[in-house]
Every structure is written in C-alpha cells, then in structure tokens.
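> This is target-v2.txt, which holds compact mmCIF, C-alpha atoms and all ligand atoms:
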```txt
# COMPACT_ATOMS: atom_id res chain seq x y z
CA MET A 275 120.45 109.99 85.27
CA VAL A 276 117.95 110.28 88.11
CA ASN A 277 118.72 108.24 91.17
CA ASN A 278 116.12 105.52 91.75
CA SER A 279 115.80 106.65 95.35
CA ALA A 280 113.97 109.83 94.20
CA TYR A 281 111.06 107.73 92.88
CA ARG A 282 111.14 105.46 95.90
CA LYS A 283 111.08 108.46 98.24
CA MET A 284 108.15 110.09 96.48
CA ILE A 285 106.16 106.83 96.41
CA GLU A 286 106.97 106.33 100.08
CA LEU A 287 105.63 109.82 100.86
CA ILE A 288 102.37 108.96 99.09
CA PHE A 289 102.11 105.64 100.93
CA ASN A 290 102.69 107.54 104.22
CA LEU A 291 99.58 109.64 103.75
CA PRO A 292 97.50 107.63 106.25
CA GLU A 293 100.17 108.36 108.85
CA GLN A 294 100.02 112.06 107.91
CA LEU A 295 96.28 112.01 108.52
CA THR A 296 96.82 110.61 112.02
CA ILE A 297 99.51 113.18 112.83
CA GLY A 298 97.27 115.88 111.37
CA MET A 299 94.40 114.91 113.69
CA GLU A 300 96.66 115.08 116.73
CA LEU A 301 98.14 118.43 115.71
CA GLY A 302 94.67 119.88 115.21
CA ALA A 303 93.46 118.48 118.54
CA HIS A 304 96.32 120.06 120.51
CA PHE A 305 96.33 123.43 118.77
CA GLN A 306 95.95 126.42 121.16
CA LEU A 307 92.64 128.01 120.24
CA PHE A 308 91.06 131.42 120.60
CA PRO A 309 87.26 131.73 121.06
CA GLY A 310 85.57 130.81 117.77
CA THR A 311 82.70 133.29 118.08
CA GLY A 312 82.01 136.15 115.71
CA ILE A 313 83.32 134.51 112.55
CA ASP A 314 81.36 135.38 109.39
CA ASN A 315 83.65 133.83 106.79
CA VAL A 316 86.85 131.84 106.37
CA VAL A 317 89.62 132.77 103.95
CA ILE A 318 92.50 130.37 103.36
CA SER A 319 95.44 132.17 101.85
CA ALA A 320 98.05 129.91 100.23
CA MET A 321 99.80 128.99 96.99
CA GLY A 322 100.55 125.76 95.10
CA GLY A 323 100.68 122.60 97.17
CA SER A 324 99.65 124.45 100.32
CA ALA A 325 96.59 125.89 98.59
CA ILE A 326 95.41 122.44 97.45
CA GLY A 327 95.22 121.41 101.12
CA GLY A 328 92.99 124.45 101.67
CA ASP A 329 90.87 123.47 98.68
CA VAL A 330 90.23 120.02 100.13
CA VAL A 331 88.98 121.67 103.33
CA ARG A 332 86.87 124.18 101.40
CA MET A 333 85.32 121.45 99.29
CA VAL A 334 84.47 119.16 102.19
CA LEU A 335 82.98 122.04 104.18
CA SER A 336 81.03 123.49 101.27
CA GLN A 337 78.80 120.40 101.29
CA GLU A 338 77.87 120.90 104.94
CA ILE A 339 78.11 124.48 106.23
CA ASN A 340 76.64 127.82 105.22
CA LEU A 341 79.64 129.90 106.22
CA PRO A 342 81.54 131.02 103.09
CA VAL A 343 85.01 129.45 102.79
CA THR A 344 87.34 130.87 100.14
CA VAL A 345 90.80 129.80 99.04
CA GLN A 346 92.77 132.78 97.78
CA ARG A 347 95.96 132.25 95.75
CA ASP A 348 97.30 135.76 95.51
CA TYR A 349 99.20 138.62 97.14
CA HIS A 350 95.81 140.25 97.71
CA LEU A 351 93.09 139.08 100.03
CA PRO A 352 89.58 138.77 98.63
CA PHE A 353 87.22 141.70 99.10
CA GLY A 354 85.38 141.82 102.40
CA VAL A 355 88.03 140.50 104.81
CA SER A 356 87.33 142.07 108.19
CA SER A 357 87.79 141.52 111.90
CA ARG A 358 84.99 138.93 111.58
CA THR A 359 87.00 136.87 109.04
CA LEU A 360 89.00 133.85 110.08
CA CYS A 361 92.06 134.12 107.88
CA VAL A 362 94.14 130.94 107.68
CA VAL A 363 97.53 131.70 106.20
CA SER A 364 99.13 128.48 105.07
CA SER A 365 102.58 127.99 103.58
CA TYR A 366 104.46 124.74 104.00
CA SER A 367 107.87 126.37 103.65
CA GLY A 368 106.75 129.57 105.35
CA ASN A 369 108.65 131.57 102.76
CA THR A 370 106.20 132.07 99.89
CA GLU A 371 106.07 135.76 99.13
CA GLU A 372 102.45 135.94 97.98
CA THR A 373 101.34 134.24 101.20
CA LEU A 374 103.54 136.43 103.39
CA THR A 375 102.09 139.51 101.70
CA ALA A 376 98.57 138.22 102.33
CA TYR A 377 99.51 137.58 105.98
CA ALA A 378 100.50 141.24 106.40
CA ALA A 379 97.27 142.35 104.71
CA ALA A 380 95.15 140.12 106.98
CA LYS A 381 96.93 141.50 110.03
CA ALA A 382 96.32 145.05 108.86
CA LYS A 383 92.61 144.27 108.45
CA GLY A 384 92.44 142.92 112.00
CA ALA A 385 91.28 139.49 110.79
CA LYS A 386 91.39 136.54 113.19
CA LEU A 387 94.58 134.86 112.04
CA ILE A 388 95.90 131.32 112.13
CA SER A 389 99.24 130.44 110.52
CA ILE A 390 100.06 126.94 109.28
CA THR A 391 103.65 126.19 108.30
CA SER A 392 106.65 124.00 108.92
CA GLY A 393 108.81 127.06 109.71
CA GLY A 394 110.37 129.88 107.69
CA LYS A 395 109.41 133.54 107.83
CA LEU A 396 105.74 132.81 108.43
CA ALA A 397 106.57 131.03 111.69
CA GLU A 398 108.87 133.89 112.71
CA LYS A 399 106.24 136.52 112.00
CA ALA A 400 103.45 134.59 113.73
CA ARG A 401 105.59 134.12 116.84
CA ARG A 402 106.54 137.78 116.85
CA ASP A 403 102.91 138.90 116.38
CA GLY A 404 101.42 136.40 118.83
CA VAL A 405 99.36 134.83 116.02
CA PRO A 406 98.17 131.24 116.70
CA LEU A 407 100.71 129.07 114.93
CA LEU A 408 100.39 125.45 113.84
CA ILE A 409 103.80 123.96 113.14
CA ILE A 410 103.57 120.89 110.89
CA PRO A 411 106.44 118.46 110.27
CA GLY A 412 108.85 119.71 107.62
CA GLY A 413 111.32 118.01 105.32
CA MET A 414 109.18 117.04 102.35
CA PRO A 415 108.07 118.82 99.17
CA PRO A 416 105.00 120.92 100.10
CA ARG A 417 102.81 119.04 97.60
CA CYS A 418 103.46 115.82 99.51
CA ALA A 419 102.17 117.33 102.76
CA ILE A 420 98.56 117.49 101.57
CA GLY A 421 97.32 115.56 104.64
CA LEU A 422 99.10 117.93 107.03
CA LEU A 423 97.83 120.93 105.09
CA SER A 424 94.18 119.85 105.30
CA VAL A 425 93.35 117.56 108.22
CA PRO A 426 94.57 119.74 111.15
CA LEU A 427 92.51 122.61 109.77
CA LEU A 428 89.37 120.45 109.64
CA VAL A 429 89.96 119.52 113.28
CA ILE A 430 90.59 123.15 114.29
CA LEU A 431 87.45 124.36 112.50
CA ASN A 432 85.45 121.73 114.35
CA ARG A 433 86.93 122.86 117.66
CA LEU A 434 85.99 126.45 116.77
CA GLY A 435 82.41 125.27 116.32
CA ILE A 436 82.42 126.00 112.58
CA CYS A 437 81.79 122.44 111.41
CA ARG A 438 81.07 118.94 112.71
CA SER A 439 83.83 116.52 113.65
CA PHE A 440 85.41 114.93 110.59
CA GLU A 441 87.13 112.25 112.65
CA PRO A 442 85.07 109.37 111.15
CA ASP A 443 85.76 110.66 107.63
CA ILE A 444 89.49 110.98 108.34
CA ALA A 445 89.56 107.45 109.79
CA GLU A 446 87.70 106.12 106.73
CA THR A 447 90.14 107.91 104.41
CA SER A 448 93.06 106.37 106.22
CA ARG A 449 91.59 102.85 106.01
CA LEU A 450 90.71 103.25 102.33
CA LEU A 451 94.20 104.45 101.42
CA LYS A 452 95.96 101.72 103.39
CA LYS A 453 93.84 99.07 101.69
CA ASN A 454 94.04 100.38 98.13
CA LEU A 455 97.38 102.11 97.70
CA PRO A 456 99.27 98.96 96.58
CA GLY A 457 96.70 98.19 93.85
CA TRP A 458 96.46 101.81 92.75
CA GLY A 459 100.25 101.90 92.63
CA ARG A 460 100.28 98.97 90.17
CA GLY A 461 97.51 100.61 88.10
CA ALA A 462 99.49 103.85 87.99
CA LYS A 463 102.34 102.13 86.19
CA LYS A 464 100.00 101.05 83.38
CA MET A 465 98.22 104.40 83.15
CA SER A 466 101.45 106.38 83.09
CA ARG A 467 102.52 104.44 79.98
CA LYS A 468 99.32 105.61 78.28
CA ILE A 469 99.98 109.24 79.17
CA ASN A 470 103.67 109.26 78.27
CA ASN A 471 104.51 111.44 75.24
CA ARG A 472 100.93 112.63 74.98
CA PHE A 473 98.96 115.67 76.09
CA CYS A 474 96.85 114.94 79.12
CA ILE A 475 93.52 116.68 79.64
CA ILE A 476 91.75 116.03 82.93
CA TYR A 477 88.04 116.77 83.29
CA SER A 478 86.12 116.77 86.54
CA THR A 479 82.44 115.95 86.19
CA SER A 480 81.32 117.35 89.54
CA ARG A 481 82.24 120.53 91.36
CA ALA A 482 83.36 118.35 94.27
CA LEU A 483 86.11 116.98 92.02
CA ASP A 484 87.44 120.25 90.59
CA VAL A 485 90.14 120.34 93.27
CA VAL A 486 91.17 116.81 92.32
CA ALA A 487 91.42 117.56 88.60
CA TYR A 488 93.55 120.61 89.36
CA ARG A 489 95.73 118.53 91.70
CA TRP A 490 96.29 116.02 88.85
CA GLN A 491 97.41 118.83 86.58
CA CYS A 492 99.76 120.28 89.23
CA GLN A 493 101.28 116.88 90.00
CA LEU A 494 101.84 116.15 86.31
CA ASN A 495 103.50 119.59 86.06
CA GLU A 496 105.67 119.37 89.18
CA ASN A 497 106.47 115.65 89.46
CA ALA A 498 106.48 114.51 85.83
CA LYS A 499 107.50 117.90 84.39
CA ILE A 500 104.94 117.93 81.59
CA LEU A 501 102.28 120.38 80.53
CA ALA A 502 98.74 119.20 81.22
CA HIS A 503 95.36 120.88 81.33
CA TRP A 504 92.33 120.50 83.57
CA GLY A 505 88.76 121.49 82.89
CA THR A 506 85.24 120.88 84.06
CA LEU A 507 82.17 119.23 82.64
CA PRO A 508 79.52 120.27 81.72
CA GLU A 509 81.18 123.71 81.21
CA GLN A 510 83.87 122.61 78.74
CA SER A 511 81.25 121.04 76.49
CA HIS A 512 80.01 124.58 75.83
CA ASN A 513 83.32 126.00 74.60
CA GLU A 514 86.47 123.84 74.72
CA LEU A 515 84.72 121.13 72.71
CA MET A 516 85.15 123.35 69.64
CA GLY A 517 88.93 123.51 70.13
CA TYR A 518 89.60 119.79 69.67
CA GLY A 519 91.29 119.23 66.30
CA ALA A 520 93.69 122.17 66.48
CA PRO A 521 96.57 122.62 66.68
CA GLU A 522 96.76 119.61 64.38
CA PHE A 523 99.91 118.15 65.88
CA LEU A 524 97.84 117.26 68.96
CA ASN A 525 95.45 115.06 66.98
CA GLY A 526 95.71 111.49 68.15
CA LYS A 527 97.99 112.59 70.96
CA ILE A 528 95.47 113.63 73.58
CA VAL A 529 94.75 111.48 76.62
CA LEU A 530 91.45 112.40 78.21
CA VAL A 531 91.14 111.51 81.88
CA VAL A 532 87.64 111.96 83.26
CA LEU A 533 87.04 111.96 87.00
CA THR A 534 83.61 110.89 88.17
CA ASP A 535 81.82 110.64 91.48
CA GLN A 536 78.39 109.89 92.91
CA THR A 537 77.82 113.67 92.86
CA SER A 538 78.29 113.82 89.06
CA HIS A 539 74.93 114.66 87.50
CA ASN A 540 73.62 111.80 85.34
CA ARG A 541 73.12 114.26 82.44
CA THR A 542 76.80 115.27 82.76
CA ILE A 543 77.83 111.62 82.37
CA LEU A 544 75.49 111.27 79.38
CA ARG A 545 76.99 114.49 77.98
CA LEU A 546 80.50 113.11 78.50
CA HIS A 547 79.77 109.98 76.46
CA GLN A 548 78.27 112.05 73.61
CA LEU A 549 81.20 114.48 73.74
CA VAL A 550 83.75 111.67 73.51
CA LYS A 551 82.05 110.40 70.33
CA LEU A 552 82.45 113.85 68.76
CA ILE A 553 86.17 114.19 69.50
CA ASP A 554 87.16 110.54 69.35
CA ARG A 555 89.58 110.90 66.44
CA THR A 556 91.64 113.46 68.33
CA LEU A 557 92.07 111.16 71.32
CA ALA A 558 94.82 108.62 71.80
CA GLU A 559 93.24 107.30 74.98
CA LYS A 560 90.39 107.98 77.33
CA MET A 561 90.21 106.88 80.93
CA ILE A 562 87.17 107.27 83.12
CA LEU A 563 87.95 107.00 86.83
CA LYS A 564 85.51 106.88 89.72
CA THR A 565 86.01 107.88 93.32
CA ALA A 566 86.09 105.16 95.97
CA GLY A 567 84.86 105.39 99.56
CA HIS A 568 81.84 106.88 101.31
CA SER A 569 82.69 110.26 102.84
CA LEU A 570 83.59 113.08 100.49
CA LEU A 571 87.01 113.37 102.13
CA ALA A 572 87.79 109.73 101.37
CA ARG A 573 86.44 110.06 97.84
CA LEU A 574 88.60 113.11 97.14
CA PHE A 575 91.73 111.42 98.46
CA SER A 576 90.94 108.22 96.52
CA LEU A 577 91.45 110.08 93.25
CA ILE A 578 94.10 112.50 94.50
CA VAL A 579 96.51 109.68 95.33
CA ARG A 580 95.87 107.93 92.03
CA GLY A 581 96.93 111.08 90.21
CA ASP A 582 99.91 111.47 92.53
CA LEU A 583 101.04 107.91 91.83
CA ILE A 584 100.62 108.29 88.07
CA SER A 585 102.68 111.51 88.11
CA VAL A 586 105.57 109.73 89.84
CA GLU A 587 105.41 106.74 87.47
CA LEU A 588 105.41 109.15 84.56
CA ALA A 589 108.44 110.94 86.02
CA ARG A 590 110.16 107.52 86.16
CA LEU A 591 109.29 106.78 82.51
CA ARG A 592 110.57 110.19 81.49
CA GLY A 593 113.72 109.94 83.56
CA VAL A 594 113.02 113.14 85.49
CA ASP A 595 113.34 113.67 89.23
CA PRO A 596 109.86 113.95 90.82
CA MET A 597 111.24 115.42 94.05
CA VAL A 598 112.69 118.64 92.71
CA ILE A 599 111.18 121.73 91.06
CA PRO A 600 114.25 123.73 90.01
CA ARG A 601 112.48 126.18 87.71
CA ILE A 602 110.01 127.18 90.43
CA GLU A 603 112.88 127.57 92.91
CA ARG A 604 114.76 129.71 90.39
CA LEU A 605 111.74 131.93 89.90
CA LYS A 606 111.32 132.36 93.65
CA ARG A 607 114.99 133.29 94.00
CA ALA A 608 114.78 135.76 91.11
CA LEU A 609 111.75 137.43 92.67
CA SER A 610 113.29 137.65 96.10
CA SER A 611 116.47 139.25 94.75
CA LEU A 612 114.31 141.78 92.84
CA ARG A 613 112.54 142.60 96.09
CA ARG A 614 115.86 143.10 97.88
CA GLY A 615 117.11 145.33 95.05
CA SER A 616 114.00 147.51 94.91
C1 LIG A 701 106.23 122.29 95.96
C2 LIG A 701 104.91 122.73 95.64
C3 LIG A 701 104.68 124.17 95.33
C4 LIG A 701 104.62 124.98 96.61
C5 LIG A 701 104.37 126.46 96.28
C6 LIG A 701 104.15 127.30 97.52
O1 LIG A 701 106.18 120.97 96.40
O2 LIG A 701 104.02 121.95 95.62
O3 LIG A 701 103.50 124.26 94.58
O4 LIG A 701 103.58 124.50 97.42
O5 LIG A 701 105.48 126.96 95.59
O6 LIG A 701 105.10 127.04 98.49
P1 LIG A 701 104.64 126.77 99.98
O7 LIG A 701 103.70 125.63 99.92
O8 LIG A 701 105.89 126.45 100.71
O9 LIG A 701 104.02 128.05 100.44
```
For the structure just supplied, provide its representation as structure tokens.

Amino acid sequence: MVNNSAYRKMIELIFNLPEQLTIGMELGAHFQLFPGTGIDNVVISAMGGSAIGGDVVRMVLSQEINLPVTVQRDYHLPFGVSSRTLCVVSSYSGNTEETLTAYAAAKAKGAKLISITSGGKLAEKARRDGVPLLIIPGGMPPRCAIGLLSVPLLVILNRLGICRSFEPDIAETSRLLKKNLPGWGRGAKKMSRKINNRFCIIYSTSRALDVVAYRWQCQLNENAKILAHWGTLPEQSHNELMGYGAPEFLNGKIVLVVLTDQTSHNRTILRLHQLVKLIDRTLAEKMILKTAGHSLLARLFSLIVRGDLISVELARLRGVDPMVIPRIERLKRALSSLRRGS
C-alpha cells in the first residue's frame, strides 16, 4: 500500500514550480561569474532529470542564438570540447557517475566549467578545484527540480552575454502555471484513466517539443513505473508507421498522445490526421494536446507539467509510489560497488 502522502507530495512539488522559477532567477542573478568572453560553444553534461533541465535551456536558446548548445548524456564529452567551450556540468544529487566522469574530462580539456548541483561529490570537486559552483536547494527527486535545473542557467548565460534576458519569459511561465495548474490537475485525472493499462506513445510534432515528449516518457517511466515510448513527427511517419499492428497483443491497447505547438508545420498536422486514419484500429485512444502561453519557455512548461501531473495520477491509479525509483538506485549502487572493486 502506498501512503497517500507520496502522491500529495509529488503534486505539491509540481504546484511549487512557479516558486522554483523565482528561486532559480535569484540564484542565477547572484552567481559569481567569470568573464564570458571567448566562448565558442556550450555543452551541458547531465543525465536523467538533470539533463531535461539542460534540454529546456538548449531548446529555448536554439530559437534565438547562433552559438551551438549541446546536451550530452554520457561519460564522454562530445567531440570538439576545448578551452573555448563553456561546459556546464549539472547533477542534482552531485553523485551521478557519468556526469562526474564528464566533469573530469572537461577539466582535463581546460574547458570553462560551471557546476550545478545540490551537493554530493560534484560540489566537493568543484570547491576543491575552484570551479564556479551553483548550489540549488536539495531534498526533492531530481526530476522535480526542473525549474532549478533550467532557469538559473538561462540567467547565467544572459549575464555572460550569450543570450538575451529571459526574465519576461520566466515571469510569463510562472503566471501561466499558477493560473492553469488546478485545471490541468483535474484534466490529468481523466487522462490518466485513459492511459492506465495501455501502452502510451507520445509524438512531438515540432522540434521545439521533442524535449517535452521525452520528458513525458521519462515521467511515465519514473513516476508511474510503466514503459512508454516517444517519437517525432514527421519522422515516425516514414518508418514507425509500418510497425503499428504488431506485436498483436498491443492492438487496441495503444494510447497515442500528440503534442502540438504553433511551431508545428501545418503539413505535419495534416500528416498526423492522415496517419491516425491509417492506424486507427490499433489505437485505444488518441489525445492531441496544444501548448499554452506565448514565449517558448512558457509553452514548453505548459505541456511538461501536464505530463508530470498525468504521471502522478497514473501512479495513484496503479498504486505505485511516484516519489521513489528503487531500480535506478539499485543500479547506481551496483555500478558504484563495481567501481570500488575494480
Ligand atoms: C530522479 C531522476 C533521475 C536522475 C538521474 C541522474 O528523480 O529524475 O533521472 O535525474 O538518475 O541523477 P542526477 O540528476 O542526480 O545527476
């Protein structure tokens, strides 16, 4: 039996996002900076929930700046990291081994480093190495800290002269969430009932929304403890379309969630409607959701939180605890004992 307080706590964390955005702005504004000159590219090195925060930043910036911004989820750094790379190493716990390995690699390359964490080994190393360190409030599952893992970085990048100020966008996001979270919370209850006991496929219809579709999948995995799959349109209509119908036990059990935005190409939307006609008999449900808000940041968060809420409601329906991720913890422990033994 899962204690009701686990669902309440997770919902509360989602409803506290506007507050996170405010704290994030302040943290970014007070961060001790180095001169922002001589930066050719930005690499954000992170995993899981911490990486999604980096993806939000990457996505928002990619619409406005020419400087390449990459999010790398690996032990390795991408090719081409140099002393002219700003390498942001972000791990909420500060103990993720892939991210710590990437930190060492970035240091060895002489990259300009910034560490973002709530503590752990990353904080220790950054302090020891004199690397600029942004400490964010701890005590929640990393995936719930998405505001703290994105907003301070946007503010810091602005202060480094890499992008414009996103303060109006952050303020809009906060207003939009405060206004809509209660209604989206009620909607999430209904939608979670449609997804329960089915296989959920999430398609993004614009490259701006890829991060959101992936976030939905991760939240369904980690909070609701179900398999789910994300893909993109138009791409999936050139390959995955042929896979609907097999394995047969999935027929009639697929819920297709399609995320749309003003940046979705009108031909992609047309394509979506044609595609749905072709696979209709394999689908139990289809839901087409649209972003709300004006700025891209607000639009991304408008669909991120809806997925977050649905994942918690689904966890409730399934009787699983949305707060804990025991299998991931077990894997991390197994890996760290292997490292110690080797
Ligand atoms: C847990 C979660 C995970 C972690 C990932 C990396 O809430 O979302 O995906 O984010 O295991 O850990 P951190 O973020 O601590 O580096």
> The residues within 7 Å of (90.4, 133.3, 100.3), using all atoms listed in the file and the coordinates of the file, should be reported as a PyMOL selection string; which are they?
chain A and resi 317-319+344-346+351-352
> In Å to one decimal, how far is CA of Ser365 in chain A from atom O8 of ligand LIG 701 (chain A)?
4.6 Å
> Using all atoms listed in the file, which of A:Leu515, A:Ile476, A:Cys437, A:Leu408 sits nearest Gly581 in chain A?
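Selected residue with least distance to Gly581 in chain A: A:Ile476.
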> Please list as a list in words every residue within 7 Å of Leu588 in chain A, counting all atoms listed in the file and excluding residues in the same chain fewer than 6 positions away.
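In the requested format, the answer is Ser466, Asn470 and Ala498 of chain A.
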> Around ligand LIG 701 (chain A), out to 10 Å and counting only C-alpha atoms and all ligand atoms, which residues are there? I want them as a ChimeraX atom specification.
/A:319-327,347,363-374,390-394,396,414-420,423,489,492-493,495-497,596-599,602-603,605-606
> Which is closer to Val331 in chain A than all the others in A:Leu407, A:Leu609, A:Ala303, A:Leu574, using all atoms listed in the file?
A:Leu574
> I want to know what sits within 9 Å of Phe440 in chain A, based on all atoms listed in the file, with residues of the same chain fewer than 4 positions away left out; could you give that as a PyMOL selection string?
chain A and resi 425+428-429+432+444-445+571
> Any idea what the distance is between CA of Ser610 in chain A and CA of Asp348 in chain A?
16.1 Å
> Just need the box for range 436-454 of chain A, edges along x, y and z, holding every atom the file lists for it with 3 Å tacked onto each side, so centre and edge lengths in Å to one decimal, as AutoDock Vina command-line options.

```
--center_x 88.5 --center_y 112.5 --center_z 105.9 --size_x 20.9 --size_y 32.9 --size_z 21.5
```
> Work out how far CA of Leu563 in chain A is from CA of Ile543 in chain A, in Å to one decimal.
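Those two atoms sit 12.0 Å apart.
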> Would you list the residues near (92.1, 115.3, 78.7), meaning any protein, DNA or RNA residue with an atom at most 7 Å from that point in file coordinates, counting all atoms listed in the file, as a count of residues only?
9
> For Arg555 in chain A, which residue out of A:Ser569, A:Lys527, A:Lys395, A:Ser576 is the nearest one, using only C-alpha atoms?
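So, comparing all the options, the nearest one is A:Lys527.
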> Identify which of the residues A:Gly461, A:Pro406, A:Gly505, A:Gly298 lies closest to Lys386 in chain A, counting all atoms listed in the file when measuring atom-to-atom distances.
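Among A:Gly461, A:Pro406, A:Gly505, A:Gly298, it is A:Pro406 that comes nearest to Lys386 in chain A.
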> Kindly indicate which residue among A:Ala589, A:Val532, A:Val355, A:Leu501 lies nearest to Val276 in chain A, using all atoms listed in the file for the distances.
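Smallest separation from Val276 in chain A among the options: A:Ala589.
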> Since the input lacks some atoms of range 307-328 of chain A, please model N, CA, C and O atoms and print them as a short mmCIF file (atom, residue, chain, number, x, y, z; two decimals), in the coordinates of the input.

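out_8.cif was written with the following content:
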```cif
data_model
loop_
_atom_site.label_atom_id
_atom_site.label_comp_id
_atom_site.auth_asym_id
_atom_site.auth_seq_id
_atom_site.Cartn_x
_atom_site.Cartn_y
_atom_site.Cartn_z
N LEU A 307 93.70 127.29 120.94
CA LEU A 307 92.64 128.01 120.24
C LEU A 307 92.31 129.36 120.88
O LEU A 307 92.53 129.56 122.06
N PHE A 308 91.71 130.21 120.06
CA PHE A 308 91.06 131.42 120.60
C PHE A 308 89.56 131.16 120.49
O PHE A 308 89.14 130.24 119.78
N PRO A 309 88.70 131.98 121.16
CA PRO A 309 87.26 131.73 121.06
C PRO A 309 86.78 131.84 119.62
O PRO A 309 87.19 132.76 118.91
N GLY A 310 85.98 130.87 119.19
CA GLY A 310 85.57 130.81 117.77
C GLY A 310 84.30 131.59 117.47
O GLY A 310 83.65 131.35 116.47
N THR A 311 83.95 132.55 118.33
CA THR A 311 82.70 133.29 118.08
C THR A 311 82.97 134.47 117.15
O THR A 311 84.10 134.92 117.00
N GLY A 312 81.92 134.95 116.54
CA GLY A 312 82.01 136.15 115.71
C GLY A 312 82.76 135.96 114.42
O GLY A 312 83.43 136.87 113.94
N ILE A 313 82.66 134.75 113.85
CA ILE A 313 83.32 134.51 112.55
C ILE A 313 82.24 134.45 111.46
O ILE A 313 81.33 133.62 111.52
N ASP A 314 82.35 135.33 110.48
CA ASP A 314 81.36 135.38 109.39
C ASP A 314 81.81 134.62 108.16
O ASP A 314 81.00 134.21 107.34
N ASN A 315 83.13 134.54 107.97
CA ASN A 315 83.65 133.83 106.79
C ASN A 315 85.07 133.36 107.05
O ASN A 315 85.73 133.83 107.98
N VAL A 316 85.50 132.39 106.23
CA VAL A 316 86.85 131.84 106.37
C VAL A 316 87.58 132.06 105.06
O VAL A 316 87.05 131.75 103.98
N VAL A 317 88.78 132.60 105.15
CA VAL A 317 89.62 132.77 103.95
C VAL A 317 90.91 132.00 104.20
O VAL A 317 91.56 132.19 105.22
N ILE A 318 91.24 131.10 103.26
CA ILE A 318 92.50 130.37 103.36
C ILE A 318 93.43 130.95 102.31
O ILE A 318 93.14 130.89 101.11
N SER A 319 94.52 131.53 102.78
CA SER A 319 95.44 132.17 101.85
C SER A 319 96.67 131.30 101.69
O SER A 319 97.36 131.01 102.67
N ALA A 320 96.94 130.86 100.46
CA ALA A 320 98.05 129.91 100.23
C ALA A 320 98.33 129.83 98.74
O ALA A 320 97.54 130.31 97.92
N MET A 321 99.44 129.19 98.39
CA MET A 321 99.80 128.99 96.99
C MET A 321 100.16 127.51 96.77
O MET A 321 100.61 126.83 97.69
N GLY A 322 100.05 127.08 95.52
CA GLY A 322 100.55 125.76 95.10
C GLY A 322 100.07 124.62 95.97
O GLY A 322 98.88 124.50 96.28
N GLY A 323 101.01 123.79 96.39
CA GLY A 323 100.68 122.60 97.17
C GLY A 323 99.97 122.93 98.46
O GLY A 323 99.09 122.18 98.91
N SER A 324 100.32 124.06 99.07
CA SER A 324 99.65 124.45 100.32
C SER A 324 98.20 124.83 100.06
O SER A 324 97.31 124.54 100.87
N ALA A 325 97.95 125.46 98.92
CA ALA A 325 96.59 125.89 98.59
C ALA A 325 95.68 124.69 98.32
O ALA A 325 94.49 124.71 98.64
N ILE A 326 96.24 123.62 97.74
CA ILE A 326 95.41 122.44 97.45
C ILE A 326 94.86 121.86 98.76
O ILE A 326 93.71 121.44 98.83
N GLY A 327 95.70 121.87 99.80
CA GLY A 327 95.22 121.41 101.12
C GLY A 327 94.02 122.23 101.57
O GLY A 327 93.03 121.70 102.06
N GLY A 328 94.11 123.56 101.34
CA GLY A 328 92.99 124.45 101.67
C GLY A 328 91.76 124.14 100.83
O GLY A 328 90.63 124.18 101.32
#
```
